[in-house]
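Structure file run-v7.txt (compact mmCIF, C-alpha atoms) is printed below.
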# COMPACT_ATOMS: atom_id res chain seq x y z
CA MET Q 585 2.33 -36.54 -27.96
CA ARG Q 586 1.09 -33.07 -28.86
CA ASP Q 587 -1.86 -33.48 -26.50
CA VAL Q 588 0.37 -34.51 -23.62
CA TYR Q 589 2.64 -31.49 -24.11
CA LEU Q 590 -0.32 -29.14 -24.41
CA THR Q 591 -1.95 -30.61 -21.30
CA MET Q 592 1.29 -30.21 -19.34
CA GLY Q 593 1.69 -26.66 -20.64
CA LEU Q 594 -1.87 -25.72 -19.67
CA LEU Q 595 -1.44 -27.30 -16.22
CA GLY Q 596 1.70 -25.23 -15.72
CA ALA Q 597 -0.18 -22.14 -16.90
CA VAL Q 598 -3.03 -22.84 -14.45
CA VAL Q 599 -0.55 -23.06 -11.57
CA MET Q 600 1.28 -19.89 -12.58
CA ALA Q 601 -1.96 -18.01 -13.22
CA PHE Q 602 -2.48 -17.45 -9.49
CA PRO Q 603 0.72 -15.53 -8.66
CA LEU Q 604 0.13 -13.53 -11.85
CA GLN Q 605 -3.45 -12.70 -10.89
CA GLU Q 606 -2.26 -11.62 -7.45
CA ALA Q 607 0.29 -9.29 -9.01
CA ILE Q 608 -2.19 -7.52 -11.27
CA PRO Q 609 -4.28 -4.95 -9.41
CA ALA Q 610 -8.04 -4.54 -9.78
CA SER Q 611 -9.29 -2.25 -12.53
CA GLU Q 612 -10.71 1.05 -11.33
CA ILE Q 613 -12.44 1.66 -14.65
CA PHE Q 614 -14.48 -1.53 -14.22
CA CYS Q 615 -15.30 -0.81 -10.53
CA GLY Q 616 -12.72 -3.25 -9.13
CA ALA Q 617 -13.02 -6.04 -11.73
CA ARG Q 618 -10.12 -8.46 -11.61
CA LEU Q 619 -8.28 -10.54 -14.14
CA LEU Q 620 -9.26 -14.23 -14.13
CA ILE Q 621 -6.95 -16.37 -16.22
CA VAL Q 622 -8.14 -19.88 -15.37
CA PRO Q 623 -11.47 -19.70 -17.30
CA SER Q 624 -9.57 -18.87 -20.51
CA LEU Q 625 -7.20 -21.79 -19.92
CA VAL Q 626 -10.02 -24.25 -19.28
CA VAL Q 627 -11.90 -23.03 -22.36
CA TYR Q 628 -8.76 -23.50 -24.43
CA ALA Q 629 -8.27 -26.97 -22.96
CA GLY Q 630 -11.85 -27.81 -23.95
CA LEU Q 631 -11.28 -26.57 -27.49
CA ALA Q 632 -7.85 -28.01 -28.15
CA LEU Q 633 -7.57 -31.16 -26.04
CA PRO Q 634 -9.34 -34.50 -25.87
CA ALA Q 635 -11.77 -34.96 -22.98
CA VAL Q 636 -9.25 -36.51 -20.56
CA GLY Q 637 -6.77 -33.65 -20.93
CA MET Q 638 -9.55 -31.10 -20.56
CA LEU Q 639 -10.79 -32.83 -17.39
CA VAL Q 640 -7.34 -32.76 -15.83
CA VAL Q 641 -6.97 -29.02 -16.54
CA GLY Q 642 -10.53 -28.32 -15.35
CA VAL Q 643 -10.09 -30.21 -12.08
CA LEU Q 644 -6.80 -28.53 -11.21
CA GLY Q 645 -8.09 -25.10 -12.23
CA GLY Q 646 -11.29 -25.52 -10.24
CA PHE Q 647 -9.55 -26.85 -7.15
CA LEU Q 648 -6.98 -24.05 -7.06
CA CYS Q 649 -9.66 -21.41 -7.76
CA ASP Q 650 -11.64 -22.70 -4.80
CA LEU Q 651 -8.60 -22.56 -2.54
CA ALA Q 652 -7.66 -19.09 -3.75
CA PHE Q 653 -11.14 -17.62 -3.26
CA LEU Q 654 -12.21 -19.47 -0.11
CA HIS Q 655 -13.92 -17.20 2.34
CA PHE Q 656 -14.81 -17.93 5.93
CA GLU Q 657 -17.79 -16.23 7.47
CA LEU Q 658 -18.14 -16.73 11.23
CA GLY Q 659 -15.86 -19.76 11.00
CA ARG Q 660 -17.82 -21.41 8.19
CA VAL Q 661 -16.89 -21.61 4.53
CA GLU Q 662 -19.15 -19.28 2.59
CA ILE Q 663 -18.93 -21.06 -0.77
CA GLY Q 664 -18.11 -24.75 -0.48
CA LEU Q 665 -14.87 -26.22 -1.75
CA GLY Q 666 -15.42 -28.23 -4.93
CA TRP Q 667 -18.06 -26.26 -6.81
CA SER Q 668 -15.48 -24.61 -9.10
CA ILE Q 669 -14.27 -28.07 -10.16
CA VAL Q 670 -17.78 -28.99 -11.31
CA TYR Q 671 -18.18 -25.59 -12.99
CA PHE Q 672 -14.91 -25.77 -14.93
CA VAL Q 673 -15.52 -29.38 -15.97
CA VAL Q 674 -18.94 -28.37 -17.36
CA VAL Q 675 -17.37 -25.35 -19.10
CA GLY Q 676 -14.70 -27.63 -20.56
CA PHE Q 677 -17.32 -30.07 -21.89
CA LEU Q 678 -19.32 -27.21 -23.42
CA ALA Q 679 -16.19 -25.77 -25.02
CA SER Q 680 -15.29 -29.18 -26.46
CA GLY Q 681 -18.57 -29.00 -28.37
CA PHE Q 682 -16.93 -26.22 -30.43
CA GLN Q 683 -13.90 -28.38 -31.28
CA PRO Q 684 -14.85 -29.04 -34.94
CA PHE Q 685 -15.26 -25.30 -35.45
CA PHE Q 686 -11.97 -24.60 -33.66
CA PHE Q 687 -10.01 -27.18 -35.68
CA ARG Q 688 -11.32 -25.67 -38.91
CA GLY Q 689 -9.21 -22.62 -38.03
CA HIS Q 690 -11.72 -20.51 -36.14
CA TRP Q 691 -9.48 -20.08 -33.08
CA TRP Q 692 -11.25 -16.82 -32.17
CA VAL Q 693 -14.14 -18.84 -30.76
CA SER Q 694 -12.07 -19.02 -27.53
CA ILE Q 695 -12.50 -15.25 -27.06
CA PRO Q 696 -16.30 -15.10 -26.54
CA LEU Q 697 -16.25 -18.45 -24.72
CA SER Q 698 -13.61 -17.17 -22.26
CA CYS Q 699 -15.63 -14.01 -21.70
CA VAL Q 700 -18.79 -15.99 -20.95
CA ALA Q 701 -16.94 -18.55 -18.79
CA ALA Q 702 -15.31 -15.89 -16.57
CA SER Q 703 -18.44 -13.74 -16.25
CA LEU Q 704 -20.67 -16.74 -15.55
CA TYR Q 705 -18.22 -17.96 -12.91
CA LEU Q 706 -18.43 -14.65 -11.06
CA PHE Q 707 -22.18 -14.43 -11.56
CA LEU Q 708 -22.63 -17.86 -9.97
CA GLN Q 709 -20.37 -16.82 -7.08
CA PHE Q 710 -22.51 -13.71 -6.69
CA LEU Q 711 -25.72 -15.79 -6.68
CA MET Q 712 -24.31 -18.15 -4.04
CA ILE Q 713 -23.33 -15.23 -1.80
CA THR Q 714 -26.75 -13.69 -2.36
CA PHE Q 715 -28.60 -16.86 -1.38
CA ARG Q 716 -26.38 -17.27 1.65
CA ARG Q 717 -26.74 -13.67 2.83
CA GLU Q 718 -30.42 -13.63 1.94
CA ASP Q 719 -30.68 -10.35 0.06
CA ILE Q 720 -30.14 -9.38 -3.55
CA ILE Q 721 -28.07 -6.27 -4.10
CA PHE Q 722 -27.27 -5.94 -7.77
CA GLY Q 723 -25.97 -2.56 -8.91
CA GLU Q 724 -23.54 -0.87 -11.23
CA VAL Q 725 -20.46 -2.10 -9.36
CA THR Q 726 -21.68 -5.72 -9.33
CA PHE Q 727 -22.46 -5.57 -13.04
CA TRP Q 728 -19.09 -4.15 -14.05
CA ARG Q 729 -17.14 -6.51 -11.81
CA ILE Q 730 -18.78 -9.46 -13.54
CA VAL Q 731 -18.62 -8.10 -17.08
CA GLY Q 732 -15.21 -6.46 -16.62
CA SER Q 733 -13.60 -9.75 -15.61
CA GLY Q 734 -15.21 -11.34 -18.68
CA ILE Q 735 -13.68 -8.68 -20.89
CA PHE Q 736 -10.26 -9.24 -19.32
CA ALA Q 737 -10.61 -13.02 -19.78
CA SER Q 738 -11.45 -12.51 -23.46
CA ALA Q 739 -8.26 -10.47 -23.78
CA VAL Q 740 -6.28 -13.36 -22.26
CA ALA Q 741 -7.71 -15.90 -24.74
CA PRO Q 742 -5.63 -14.79 -27.79
CA VAL Q 743 -2.50 -14.78 -25.61
CA VAL Q 744 -3.21 -18.37 -24.52
CA HIS Q 745 -3.88 -19.42 -28.12
CA GLY Q 746 -0.81 -17.57 -29.44
CA THR Q 747 1.47 -19.14 -26.82
CA ALA Q 748 0.06 -22.63 -27.43
CA TRP Q 749 0.39 -22.19 -31.19
CA PHE Q 750 4.00 -20.96 -30.84
CA MET Q 751 4.93 -23.87 -28.56
CA GLU Q 752 3.25 -26.35 -30.86
CA ASN Q 753 5.20 -25.06 -33.85
CA ARG Q 754 8.45 -25.26 -31.93
CA LEU Q 755 7.73 -28.82 -30.84
CA ARG Q 756 6.72 -29.82 -34.36
CA ARG Q 757 9.93 -28.46 -35.87
CA ARG Q 758 12.26 -30.17 -33.41
CA PRO Q 759 11.34 -33.81 -34.17
CA ARG Q 760 11.36 -33.04 -37.88
CA ALA Q 761 14.91 -31.72 -37.68
CA ARG Q 762 15.93 -34.79 -35.75
CA GLU Q 763 14.22 -37.07 -38.24
CA SER Q 764 15.91 -35.32 -41.15
CA GLY Q 765 19.26 -35.63 -39.36
CA LEU Q 766 18.69 -39.33 -38.86
CA ALA Q 767 17.65 -39.72 -42.47
CA ARG Q 768 20.87 -38.10 -43.65
CA ARG Q 769 22.95 -40.50 -41.56
CA MET B 199 -13.39 -45.40 -25.13
CA ARG B 200 -16.19 -42.85 -25.41
CA ARG B 201 -17.40 -43.90 -21.99
CA LEU B 202 -14.11 -42.89 -20.35
CA PRO B 203 -14.83 -39.11 -20.19
CA ILE B 204 -18.29 -39.81 -18.78
CA ILE B 205 -16.88 -42.13 -16.11
CA LEU B 206 -14.13 -39.62 -15.30
CA GLY B 207 -16.69 -36.79 -15.20
CA GLY B 208 -18.80 -38.80 -12.76
CA LEU B 209 -15.79 -39.51 -10.56
CA ILE B 210 -14.85 -35.83 -10.58
CA VAL B 211 -18.35 -34.80 -9.54
CA MET B 212 -18.25 -37.35 -6.72
CA GLY B 213 -14.84 -36.02 -5.66
CA ALA B 214 -16.17 -32.45 -5.72
CA VAL B 215 -19.15 -33.48 -3.57
CA TRP B 216 -16.74 -35.14 -1.13
CA LEU B 217 -14.74 -31.90 -0.96
CA THR B 218 -17.88 -30.00 0.08
CA THR B 219 -18.20 -32.32 3.08
CA LEU B 220 -14.77 -31.39 4.49
CA SER B 221 -14.80 -29.60 7.83
CA SER B 222 -13.95 -25.88 8.03
CA ARG B 223 -10.70 -26.78 9.75
CA ASP B 224 -9.60 -29.14 6.98
CA VAL B 225 -10.54 -26.57 4.36
CA ARG B 226 -8.61 -23.88 6.24
CA ASP B 227 -5.56 -26.17 6.37
CA LEU B 228 -5.82 -26.80 2.64
CA GLN B 229 -6.03 -23.08 1.98
CA ALA B 230 -3.07 -22.45 4.30
CA GLY B 231 -1.05 -24.96 2.27
CA PHE B 232 -2.01 -23.17 -0.95
CA MET B 233 -1.06 -19.80 0.58
CA GLN B 234 2.26 -21.21 1.70
CA TRP B 235 2.98 -22.31 -1.86
CA LEU B 236 2.03 -18.85 -3.10
CA ALA B 237 4.04 -16.99 -0.44
CA PRO B 238 7.46 -16.90 -2.21
CA PHE B 239 5.85 -15.42 -5.34
CA LEU B 240 4.03 -12.77 -3.32
CA LYS B 241 7.09 -11.87 -1.28
CA THR B 242 9.25 -11.63 -4.39
CA GLY B 243 6.64 -9.46 -6.10
CA ASP B 244 6.43 -7.22 -3.04
CA ALA B 245 10.23 -6.96 -2.79
CA VAL B 246 10.48 -6.00 -6.46
CA THR B 247 7.76 -3.38 -6.06
CA GLN B 248 9.51 -1.96 -2.99
CA GLN B 249 12.86 -1.89 -4.75
CA ILE B 250 11.42 -0.06 -7.72
CA GLY B 251 9.68 2.36 -5.38
CA SER B 252 12.79 3.18 -3.38
CA LEU B 253 15.18 3.29 -6.34
CA GLY B 254 15.18 7.07 -6.41
CA GLN B 255 15.77 7.29 -2.67
CA ASN B 256 18.62 4.78 -2.78
CA LEU B 257 20.50 7.00 -5.16
CA LYS B 258 20.38 9.88 -2.69
CA THR B 259 20.89 8.25 0.72
CA LEU B 260 23.19 5.69 2.33
CA ASP B 261 21.85 2.19 2.83
CA GLU B 262 22.41 2.21 6.59
CA LEU B 263 20.64 5.51 6.97
CA GLU B 264 17.67 4.25 5.04
CA GLU B 265 17.51 1.06 7.09
CA GLU B 266 17.67 2.98 10.36
CA ASN B 267 15.06 5.39 9.13
CA ALA B 268 12.72 2.54 8.19
CA LYS B 269 13.17 0.94 11.63
CA LEU B 270 12.45 4.22 13.39
CA ARG B 271 9.37 4.79 11.26
CA ILE B 272 8.03 1.38 12.23
CA GLN B 273 8.75 2.16 15.88
CA ILE B 274 6.88 5.46 15.66
CA ARG B 275 3.92 3.79 14.00
CA GLU B 276 3.97 1.01 16.58
CA LEU B 277 4.01 3.50 19.43
CA ARG B 278 1.18 5.48 17.89
CA ALA B 279 -0.85 2.33 17.44
CA THR B 280 -0.16 1.23 21.02
CA ASN B 281 -1.16 4.69 22.18
CA GLN B 282 -4.40 4.39 20.26
CA LEU B 283 -5.15 1.08 21.95
CA LEU B 284 -4.25 2.29 25.42
CA ARG B 285 -6.20 5.55 25.24
CA ASP B 286 -9.53 3.94 26.00
CA ILE B 287 -8.07 1.67 28.64
CA GLU B 288 -6.45 4.66 30.32
CA ALA B 289 -9.76 6.51 30.45
CA GLU B 290 -11.49 3.48 31.90
CA ASN B 291 -8.63 2.97 34.34
CA ASN B 292 -8.86 6.52 35.59
CA LYS B 293 -12.59 6.11 36.11
CA LEU B 294 -12.29 2.87 38.07
CA ARG B 295 -9.05 3.55 39.97
CA ALA B 296 -10.85 5.29 42.80
CA ALA B 297 -13.25 2.43 43.32
CA LEU B 298 -11.10 -0.59 42.67
CA ASP B 299 -7.81 -1.84 43.96
CA TYR B 300 -4.99 -1.66 41.52
CA ARG B 301 -4.88 -4.57 39.18
CA GLU B 302 -2.72 -5.24 36.27
CA ARG B 303 -4.17 -4.02 33.05
CA SER B 304 -3.50 -5.73 29.79
CA VAL B 305 -0.96 -4.28 27.44
CA PHE B 306 -1.06 -5.27 23.81
CA ARG B 307 1.85 -6.71 21.93
CA LEU B 308 1.85 -5.53 18.35
CA LEU B 309 3.57 -7.32 15.54
CA PRO B 310 4.44 -5.18 12.52
CA ALA B 311 3.48 -6.71 9.18
CA ARG B 312 3.41 -5.70 5.55
CA VAL B 313 0.66 -6.16 3.00
CA ILE B 314 2.18 -8.28 0.25
CA SER B 315 -0.91 -8.82 -1.85
CA ARG B 316 -4.39 -7.50 -2.34
CA ASP B 317 -6.75 -10.39 -2.73
CA THR B 318 -7.77 -11.45 -6.21
CA SER B 319 -11.31 -12.34 -5.25
CA THR B 320 -14.00 -10.11 -6.64
CA TRP B 321 -16.53 -10.28 -3.83
CA TRP B 322 -14.49 -10.31 -0.62
CA ASN B 323 -12.22 -7.55 0.66
CA MET B 324 -9.05 -9.17 1.87
CA VAL B 325 -5.32 -8.62 1.84
CA THR B 326 -2.40 -10.95 2.51
CA ILE B 327 0.29 -10.00 5.04
CA ASN B 328 3.84 -11.32 5.37
CA ARG B 329 3.40 -12.90 8.82
CA GLY B 330 2.15 -16.36 9.68
CA PHE B 331 1.87 -18.86 12.49
CA GLU B 332 5.66 -18.97 12.70
CA ASP B 333 5.43 -15.38 14.00
CA GLY B 334 2.72 -16.28 16.50
CA LEU B 335 -0.31 -15.37 14.41
CA GLU B 336 -3.63 -17.18 14.70
CA SER B 337 -6.96 -16.68 13.02
CA ASP B 338 -9.25 -13.95 14.38
CA MET B 339 -6.53 -11.57 15.55
CA PRO B 340 -7.19 -7.82 15.20
CA VAL B 341 -5.16 -5.94 12.60
CA LEU B 342 -4.73 -2.16 12.81
CA THR B 343 -2.56 0.80 11.94
CA GLU B 344 -1.77 3.91 13.95
CA SER B 345 -4.81 5.50 12.26
CA GLY B 346 -7.34 2.86 13.22
CA LEU B 347 -8.81 -0.58 12.63
CA VAL B 348 -8.00 -2.54 9.47
CA GLY B 349 -9.61 -5.97 10.01
CA LYS B 350 -8.87 -9.40 11.40
CA THR B 351 -6.83 -12.41 10.37
CA THR B 352 -8.63 -15.40 8.85
CA THR B 353 -6.54 -18.16 7.28
CA VAL B 354 -2.98 -18.26 8.65
CA SER B 355 -0.22 -20.19 6.92
CA LYS B 356 3.41 -20.61 8.00
CA ASN B 357 4.63 -17.23 6.70
CA THR B 358 1.53 -15.42 5.46
CA ALA B 359 -1.97 -14.65 6.65
CA LYS B 360 -5.16 -13.44 5.05
CA VAL B 361 -6.72 -10.37 6.62
CA LEU B 362 -10.43 -9.76 6.24
CA LEU B 363 -10.87 -6.00 5.95
CA ILE B 364 -13.57 -4.15 7.87
CA SER B 365 -14.87 -2.97 4.50
CA ASP B 366 -16.09 -6.52 3.85
CA GLU B 367 -19.74 -7.19 4.52
CA SER B 368 -18.94 -10.34 6.51
CA CYS B 369 -16.57 -8.56 8.94
CA ARG B 370 -18.76 -7.36 11.80
CA VAL B 371 -17.48 -5.22 14.65
CA ALA B 372 -19.34 -4.16 17.79
CA ALA B 373 -18.96 -0.38 17.94
CA ARG B 374 -19.95 2.73 19.85
CA VAL B 375 -20.25 6.34 18.80
CA GLU B 376 -18.06 8.90 20.52
CA GLY B 377 -19.90 11.14 22.98
CA THR B 378 -23.17 9.17 22.79
CA PRO B 379 -24.51 6.02 24.41
CA GLU B 380 -25.28 4.59 20.95
CA GLN B 381 -23.88 1.19 20.06
CA GLY B 382 -24.26 -0.84 16.90
CA ILE B 383 -22.58 -3.23 14.49
CA VAL B 384 -20.13 -1.93 11.90
CA SER B 385 -19.64 -3.89 8.69
CA GLY B 386 -18.75 -3.27 5.08
CA ILE B 387 -21.32 -2.49 2.43
CA ARG B 388 -21.75 -5.03 -0.35
CA PRO B 389 -20.49 -3.41 -3.54
CA SER B 390 -23.46 -2.25 -5.58
CA GLU B 391 -23.10 1.42 -6.45
CA ARG B 392 -19.94 3.48 -6.95
CA GLN B 393 -21.14 6.05 -4.38
CA VAL B 394 -21.00 3.62 -1.43
CA ASP B 395 -17.96 1.63 -2.54
CA GLY B 396 -15.32 1.78 0.21
CA PHE B 397 -17.68 3.06 2.92
CA LEU B 398 -18.77 1.21 6.05
CA GLN B 399 -22.20 0.95 7.63
CA MET B 400 -23.20 0.96 11.27
CA THR B 401 -26.49 -0.83 11.78
CA PHE B 402 -28.81 -1.82 14.66
CA LEU B 403 -28.73 1.75 15.93
CA PRO B 404 -31.88 3.10 17.59
CA LYS B 405 -34.08 5.08 15.21
CA SER B 406 -33.90 7.94 17.67
CA ALA B 407 -30.08 8.08 17.58
CA ASN B 408 -29.12 11.63 16.81
CA LEU B 409 -25.82 11.12 15.06
CA GLN B 410 -23.99 13.97 13.41
CA ALA B 411 -21.50 13.88 10.57
CA GLY B 412 -17.94 13.93 11.88
CA GLN B 413 -18.56 11.91 15.04
CA LYS B 414 -15.98 9.21 15.59
CA VAL B 415 -16.84 5.53 15.95
CA TYR B 416 -14.75 3.19 18.11
CA THR B 417 -14.75 -0.54 18.76
CA ALA B 418 -16.95 -1.41 21.74
CA GLY B 419 -14.89 -4.36 22.95
CA VAL B 420 -17.72 -6.71 23.85
CA THR B 421 -16.70 -9.63 26.07
CA GLY B 422 -15.31 -12.48 24.01
CA ALA B 423 -15.12 -10.32 20.89
CA VAL B 424 -12.16 -10.32 18.52
CA PHE B 425 -11.52 -6.58 18.74
CA PRO B 426 -10.42 -4.81 21.93
CA SER B 427 -12.27 -1.62 22.80
CA GLY B 428 -11.23 1.89 21.85
CA ILE B 429 -9.84 1.36 18.37
CA LEU B 430 -10.95 4.03 15.93
CA ILE B 431 -13.03 2.53 13.12
CA GLY B 432 -14.16 5.58 11.21
CA THR B 433 -16.18 8.78 11.10
CA VAL B 434 -19.92 9.22 10.65
CA GLU B 435 -20.79 10.61 7.22
CA ALA B 436 -24.57 10.31 7.30
CA PHE B 437 -27.39 8.84 9.36
CA ARG B 438 -30.71 7.54 8.10
CA VAL B 439 -33.69 5.86 9.67
CA ARG B 440 -34.73 2.52 8.16
CA ALA B 441 -37.81 0.36 8.74
CA LEU B 442 -36.44 -1.41 11.82
CA ASP B 443 -33.32 0.47 12.87
CA GLY B 444 -31.03 3.41 12.24
CA GLN B 445 -28.11 3.14 9.84
CA ALA B 446 -25.02 5.33 9.83
CA ILE B 447 -22.67 5.51 6.86
CA LEU B 448 -19.02 5.74 7.93
CA SER B 449 -15.83 6.58 6.15
CA PRO B 450 -13.07 4.26 7.43
CA ALA B 451 -10.24 5.78 9.46
CA VAL B 452 -7.69 3.83 7.44
CA ASP B 453 -7.37 4.09 3.67
CA LEU B 454 -8.05 0.39 3.18
CA SER B 455 -7.40 0.40 -0.56
CA ASN B 456 -3.83 1.62 -0.05
CA VAL B 457 -2.87 0.23 3.36
CA GLU B 458 0.68 -1.16 3.31
CA ASP B 459 2.10 -1.41 6.83
CA VAL B 460 -0.08 -2.82 9.59
CA PHE B 461 0.16 -4.22 13.10
CA VAL B 462 -1.36 -7.43 14.36
CA VAL B 463 -2.48 -7.49 17.99
CA VAL B 464 -0.71 -10.73 18.83
CA GLU B 465 -1.51 -10.93 22.51
CA SER B 466 -2.50 -8.97 25.55
CA LYS B 467 -0.14 -9.68 28.39
Please express what this file holds, its structure, as structure tokens.
Amino acid sequence: MRDVYLTMGLLGAVVMAFPLQEAIPASEIFCGARLLIVPSLVVYAGLALPAVGMLVVGVLGGFLCDLAFLHFELGRVEIGLGWSIVYFVVVGFLASGFQPFFFRGHWWVSIPLSCVAASLYLFLQFLMITFRREDIIFGEVTFWRIVGSGIFASAVAPVVHGTAWFMENRLRRRPRARESGLARR
Amino acid sequence: MRRLPIILGGLIVMGAVWLTTLSSRDVRDLQAGFMQWLAPFLKTGDAVTQQIGSLGQNLKTLDELEEENAKLRIQIRELRATNQLLRDIEAENNKLRAALDYRERSVFRLLPARVISRDTSTWWNMVTINRGFEDGLESDMPVLTESGLVGKTTTVSKNTAKVLLISDESCRVAARVEGTPEQGIVSGIRPSERQVDGFLQMTFLPKSANLQAGQKVYTAGVTGAVFPSGILIGTVEAFRVRALDGQAILSPAVDLSNVEDVFVVVESK
């Protein structure tokens, strides 16, 4: 039951991540880097959920990311719909490889993984744009936009873990109280 | 049981591949649906931001006065923007009036809109405005302010629309330089260095073009193009000769990072 609740919670978080991302402006310090929440959520799903739950979160996250970042150039889609789904599913599978480590109490592993997942996502987007536009322009701004978003994603990871942990504790307590009440009767 | 994730993974990959085969129109419709879902959140966020911003003013002035003032401000901006659009047409009209019989010239209908969100994507410069196809918007409609050109609409949902800013590399505008016969293509510069971030470039200029800093650049209004002629795009900052053409660096006429109120050229009647 815990997995179902966590999956539902993460799906809700994925959906609400987009209005939140829209509300938070780009960082001027990191040359316009933006907050990406979905990579942190997918990484957490990979660490804390069985494969099916992770896949559900990855698919929804990828699909919504694609829709949010779709760009049309001369009437054609610049980066095809669907690639983010594959990316997040792969990220989720890779993160699930760290599950034994995570369940031994090393929750912090979600921090570097979130950083890498967000930065790699943007780097792949950058590569796809580069191949499409046929010239490589990689400078300071590009670097900081990729790395800056990774840093922001790593800051989101403890919040995701903390919230999940808090919710899990609340859910665990409730049935126990009910059970004890039943036992008394 | 261990096979289930692999089978699901395979199905997901196949589904993702199928998604890549969707037509641009289907993809645009999907994105419009997503934007429509997002619209209430964006509008609420924008309303809250506006309320916080005008809190101080509300304490000093009457509500009616503020409302009237806001309406008048929009009217002034609309008139200025219309003026900007008509300036070039008027000049052309004066030139041709002697030779041609009078014929009805097009007048633009401008729809005021408000930027409710700056796009979250890292690589594309876009904003979302609070008008959609319910207000008569379609994709590829010019967006401007009284100061100059802002961009064009791309995906349009029921109540919101995405606007591709001219500072984006993929937004290309046919342009001419004031006081010269030079014409070229204006587009954004892909973000690479801090120094060029926010500037525009004008390419395909002749190497011999003698452009000076401070010269104004206007839309050229090529037949069948999205943008009508005579809209101010920006000012020349520098000119350099490249291997195959000349390139001018422009500063945009509109502060695109802070633009809030815009007009969409809905139709020419």
Residues of chain Q within 6 Å of chain B, counting all atoms listed in the file - could you list those as an MDAnalysis selection string? chainID Q and resid 606 635 651 653 660 664:666 722:726
d(CA of Leu347 (chain B), CA of Val325 (chain B)) in Å: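 Computed distance, CA of Leu347 (chain B) to CA of Val325 (chain B), equals 13.9 Å.
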Which residues, protein or nucleic acid, reach to within 12 Å of (-6.2, -16.1, 17.0) in the file's coordinates when using all atoms listed in the file, and can you give that as number ranges by chain? Q: 659; B: 330-331, 334-341, 350-354, 359, 361, 423-425, 462-466
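You can rank Q:Phe736, Q:Phe710, Q:Phe614, Q:Phe602 by their closest distance to Gly645 (chain Q) using all atoms listed in the file, and at the top of that list sits Q:Phe602.
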Fewer than 4 positions away in the same chain doesn't count, so skip those; otherwise give me all residues within 10 Å of Gly637 (chain Q), counting only C-alpha atoms, as a PyMOL selection string. (chain Q and resi 587-588+590-592+594-595+629-630+632-633+641-642+676) or (chain B and resi 203)
Next, write the just-selected residues to a file, as a CSV table (one decimal), keeping the file's coordinate frame, keeping C-alpha atoms as the atom set.
chain,number,residue,atom,x,y,z
Q,587,ASP,CA,-1.9,-33.5,-26.5
Q,588,VAL,CA,0.4,-34.5,-23.6
Q,590,LEU,CA,-0.3,-29.1,-24.4
Q,591,THR,CA,-2.0,-30.6,-21.3
Q,592,MET,CA,1.3,-30.2,-19.3
Q,594,LEU,CA,-1.9,-25.7,-19.7
Q,595,LEU,CA,-1.4,-27.3,-16.2
Q,629,ALA,CA,-8.3,-27.0,-23.0
Q,630,GLY,CA,-11.8,-27.8,-24.0
Q,632,ALA,CA,-7.8,-28.0,-28.2
Q,633,LEU,CA,-7.6,-31.2,-26.0
Q,641,VAL,CA,-7.0,-29.0,-16.5
Q,642,GLY,CA,-10.5,-28.3,-15.4
Q,676,GLY,CA,-14.7,-27.6,-20.6
B,203,PRO,CA,-14.8,-39.1,-20.2
Would you mind reading off the distance between CA of Arg688 (chain Q) and CA of Val673 (chain Q), one decimal, in Å? 23.6 Å
Determine, counting only C-alpha atoms, which protein, DNA and RNA residues have an atom within 12 Å of an atom of Tyr671 (chain Q); residues of the same chain fewer than 5 positions away are not included. Present the result as a PyMOL selection string. (chain Q and resi 622-623+626-627+639+642-647+649-650+665-666+676-678+701-702+704-709) or (chain B and resi 207+210-211+214)
Counting all atoms listed in the file, what is within 7 Å of region 411-421 of chain B, bar same-chain residues fewer than 3 positions away, as a PyMOL selection string? chain B and resi 371-376+425-436
Which residue of B:Thr401, B:Asn267, B:Asn328, B:Asn357 approaches Ser385 (chain B) most closely, using all atoms listed in the file: B:Thr401
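If you measure from each of Q:Val693, Q:Leu711, Q:Val636, Q:Val740 to Leu620 (chain Q) using only C-alpha atoms, the closest one turns out to be Q:Val740.
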CA of Pro310 (chain B) to CA of Met400 (chain B), straight-line distance in Å: 28.3 Å
Applying 12 Å and all atoms listed in the file, which residues near His690 (chain Q) remain after dropping the ones on its own chain fewer than 6 positions away? List them as a PyMOL selection string. chain Q and resi 631-632+682-684+696+742+745
